[in-house]
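Visitor: Take a look at this one; I'll ask things after.
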Amino acid sequence: MRQRDEKATRDRTITKFPEVYNIQATPYKEQSFHTLVKNACAANKTGTVGLKISKCIVIGDVSVGKTCLVNRFCHEVFNRDYKATIGVDFEVERFDILNVPFNLQIWDTAGQERFKCIASAYYRGAHVIIVVFDLSDLSSLDRTSQWLEDATIETNNEDALVFLVGTKKDLCSQSRFDDIENIAIAKANELSAEYWSVSSKTGENVPEFFNRLAAMTFNNAVLAEVDESRQPMMSKIGGDGKLIKVPKPTNLTGSIDLTDTGFYQRKKSTNCC
Ligand SMILES: Nc1nc2c(ncn2[C@@H]2O[C@H](COP(=O)(O)OP(=O)(O)OP(=O)(O)O)[C@@H](O)[C@H]2O)c(=O)[nH]1
Ligand SMILES: [Mg+2]
């Protein structure tokens, strides 16, 4: 058990900006942490980043493999039996990025239509949207536009990072995979999303994907703290009665303060009937 804990800690340590899956299939062209971020981390001046959780939502059609993707990354397991997610479920993963603790809350949502209204209530303020489709079922790729459109409205965070992830790579022959991947990359470009293909069964590309996602989210979170020009602003009436711009409180942008007692629990389910 102790061995596994040490491995988990090592796997979640990021010292170098993780590589992109395919440079042609991403709107995010950064290849390293921003200089301001590196300097802030080296000087141990990353503000409240270590005390907050960044939120990531996993959405997509029924049975495309959302839960398996989250379980492969968080618990290194794969279950071949399908068990529908009811409502939503979440995991919290703790990373160590450039020597700064960073917490990612991963919300696994139900693909079933009847649970959509419940699941979408949890989208608000997400920093990352992962739209999942099944590489062995192209119809699930067609519906990713609708999933993203709905999530964008509910999330209400125009700076959210967007990823398009094709699962079940192990089920595709190489030639079929090549054909589908070309279509998926075109879709990712249309959605302004970064594309990845993964297999939760074999684990292929799963840690690489989440590590990149975590590093990019961390980069944005630190920049929001240290670069005033990037801070979200809101209007407020000043002492002289005129409208002034002030930084928006972070609790309105979806970050969650870990110092709120009782919040930092490992796992919680929200069910509906
Ligand atoms: N071969 C293979 N099967 C997979 C993979 N990922 C998921 N599956 C299978 O696909 C089925 C559905 O997986 P889930 O992860 O439960 O799907 P989901 O998207 O969470 O479904 P909902 O919760 O209903 O929205 C299960 O039988 C899994 O074993 C994969 O990478 N490879
Ligand atoms: Mg599920």
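Naming works like this for the structure tokens: A, B, ... for the chains as they're shown, residue 1 at the start of each chain, ligands 1 onward in shown order.
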Do you know which residues are at most 8 Å from Thr85 of chain A counting only C-alpha atoms, after dropping those on the same chain fewer than 4 positions away, and could you put them as a compact mmCIF listing (two decimals) with C-alpha atoms, in the first residue's frame?
Guide:
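The resulting file, around.txt, is reproduced below:
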```
# COMPACT_ATOMS: atom_id res chain seq x y z
CA THR A 67 -16.28 6.82 -15.89
CA ASP A 89 -19.69 11.73 -9.18
CA ASP A 108 -17.78 12.52 -13.96
CA THR A 109 -21.28 13.20 -15.29
CA ALA A 110 -24.06 10.94 -16.56
CA GLY A 111 -24.55 10.65 -20.31
```
Visitor: May I have the residues within 7 Å of ligand 1, computed using only C-alpha atoms and all ligand atoms, as a VMD selection string?
Guide: chain A and resid 60 to 69 78 to 86 109 to 112 167 to 171 198 to 201
Visitor: Can I get the selected residues back with C-alpha atoms, as a PDB file, in the first residue's frame?
Guide:
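The resulting file, result30.pdb, is reproduced below:
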```
ATOM      1  CA  GLY A  60     -20.440  13.067 -23.486  1.00  0.00           C
ATOM      2  CA  ASP A  61     -22.887  10.404 -24.671  1.00  0.00           C
ATOM      3  CA  VAL A  62     -24.013   7.360 -22.711  1.00  0.00           C
ATOM      4  CA  SER A  63     -21.416   4.607 -22.443  1.00  0.00           C
ATOM      5  CA  VAL A  64     -18.619   6.396 -24.327  1.00  0.00           C
ATOM      6  CA  GLY A  65     -16.268   5.639 -21.425  1.00  0.00           C
ATOM      7  CA  LYS A  66     -16.262   8.736 -19.169  1.00  0.00           C
ATOM      8  CA  THR A  67     -16.284   6.816 -15.894  1.00  0.00           C
ATOM      9  CA  CYS A  68     -13.637   4.359 -17.104  1.00  0.00           C
ATOM     10  CA  LEU A  69     -11.403   7.281 -18.120  1.00  0.00           C
ATOM     11  CA  PHE A  78     -10.551  -0.759 -15.646  1.00  0.00           C
ATOM     12  CA  ASN A  79     -13.978  -2.358 -15.357  1.00  0.00           C
ATOM     13  CA  ARG A  80     -15.339  -4.093 -18.460  1.00  0.00           C
ATOM     14  CA  ASP A  81     -18.909  -4.160 -17.063  1.00  0.00           C
ATOM     15  CA  TYR A  82     -21.030  -1.124 -17.834  1.00  0.00           C
ATOM     16  CA  LYS A  83     -22.619   0.579 -14.846  1.00  0.00           C
ATOM     17  CA  ALA A  84     -24.363   3.820 -15.770  1.00  0.00           C
ATOM     18  CA  THR A  85     -23.440   6.902 -13.784  1.00  0.00           C
ATOM     19  CA  ILE A  86     -26.488   8.247 -11.987  1.00  0.00           C
ATOM     20  CA  THR A 109     -21.283  13.200 -15.290  1.00  0.00           C
ATOM     21  CA  ALA A 110     -24.057  10.943 -16.556  1.00  0.00           C
ATOM     22  CA  GLY A 111     -24.547  10.645 -20.309  1.00  0.00           C
ATOM     23  CA  GLN A 112     -28.155   9.508 -19.968  1.00  0.00           C
ATOM     24  CA  THR A 167     -11.811   6.621 -25.930  1.00  0.00           C
ATOM     25  CA  LYS A 168     -11.584   2.842 -26.564  1.00  0.00           C
ATOM     26  CA  LYS A 169      -8.563   3.124 -28.863  1.00  0.00           C
ATOM     27  CA  ASP A 170      -7.869  -0.561 -28.179  1.00  0.00           C
ATOM     28  CA  LEU A 171     -11.055  -1.499 -30.076  1.00  0.00           C
ATOM     29  CA  VAL A 198      -6.891   7.163 -25.228  1.00  0.00           C
ATOM     30  CA  SER A 199      -7.659   3.660 -24.045  1.00  0.00           C
ATOM     31  CA  SER A 200      -8.857   3.229 -20.495  1.00  0.00           C
ATOM     32  CA  LYS A 201      -8.455  -0.527 -20.929  1.00  0.00           C
TER      33      LYS A 201
END
```
Visitor: List as an MDAnalysis selection string the protein and nucleic acid residues near Ala40 of chain A, meaning an atom at most 12 Å away when only C-alpha atoms are counted, but skip any in the same chain fewer than 5 places from it.
Guide: chainID A and resid 33:35 45:49 98:100 219 221:227
Visitor: Could you tell me which of A:Val165, A:Glu30, A:Asn22, A:Cys117 comes closest to Phe210 of chain A if we count only C-alpha atoms?
Guide: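 Looking at the shortest contact to Phe210 of chain A, the residue is A:Val165.
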Visitor: Ranking A:Pro27, A:Gly241, A:Gly50, A:Gly87 by minimum distance to ligand 2 and counting only C-alpha atoms and all ligand atoms, which one comes first?
Guide: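 Answer, going by the shortest atom-to-atom distance: A:Gly87.
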Visitor: Could you give me, as a list in words, the residues within 10 Å of Ile153 of chain A, counting only C-alpha atoms and dropping anything in the same chain fewer than 3 positions from it?
Guide: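 Counting only C-alpha atoms, the residues come to Ser120, Tyr123, Arg124, Leu148, Glu149, Asp150, Asn156, Asn157 and Glu158 of chain A.
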Visitor: As a PyMOL selection string, please: every residue in segment 114-230 of chain A that DSSP puts in helix (DSSP H, G or I).
Guide: chain A and resi 114-120+138-142+144-155+169-171+174-191+206-226+228-230
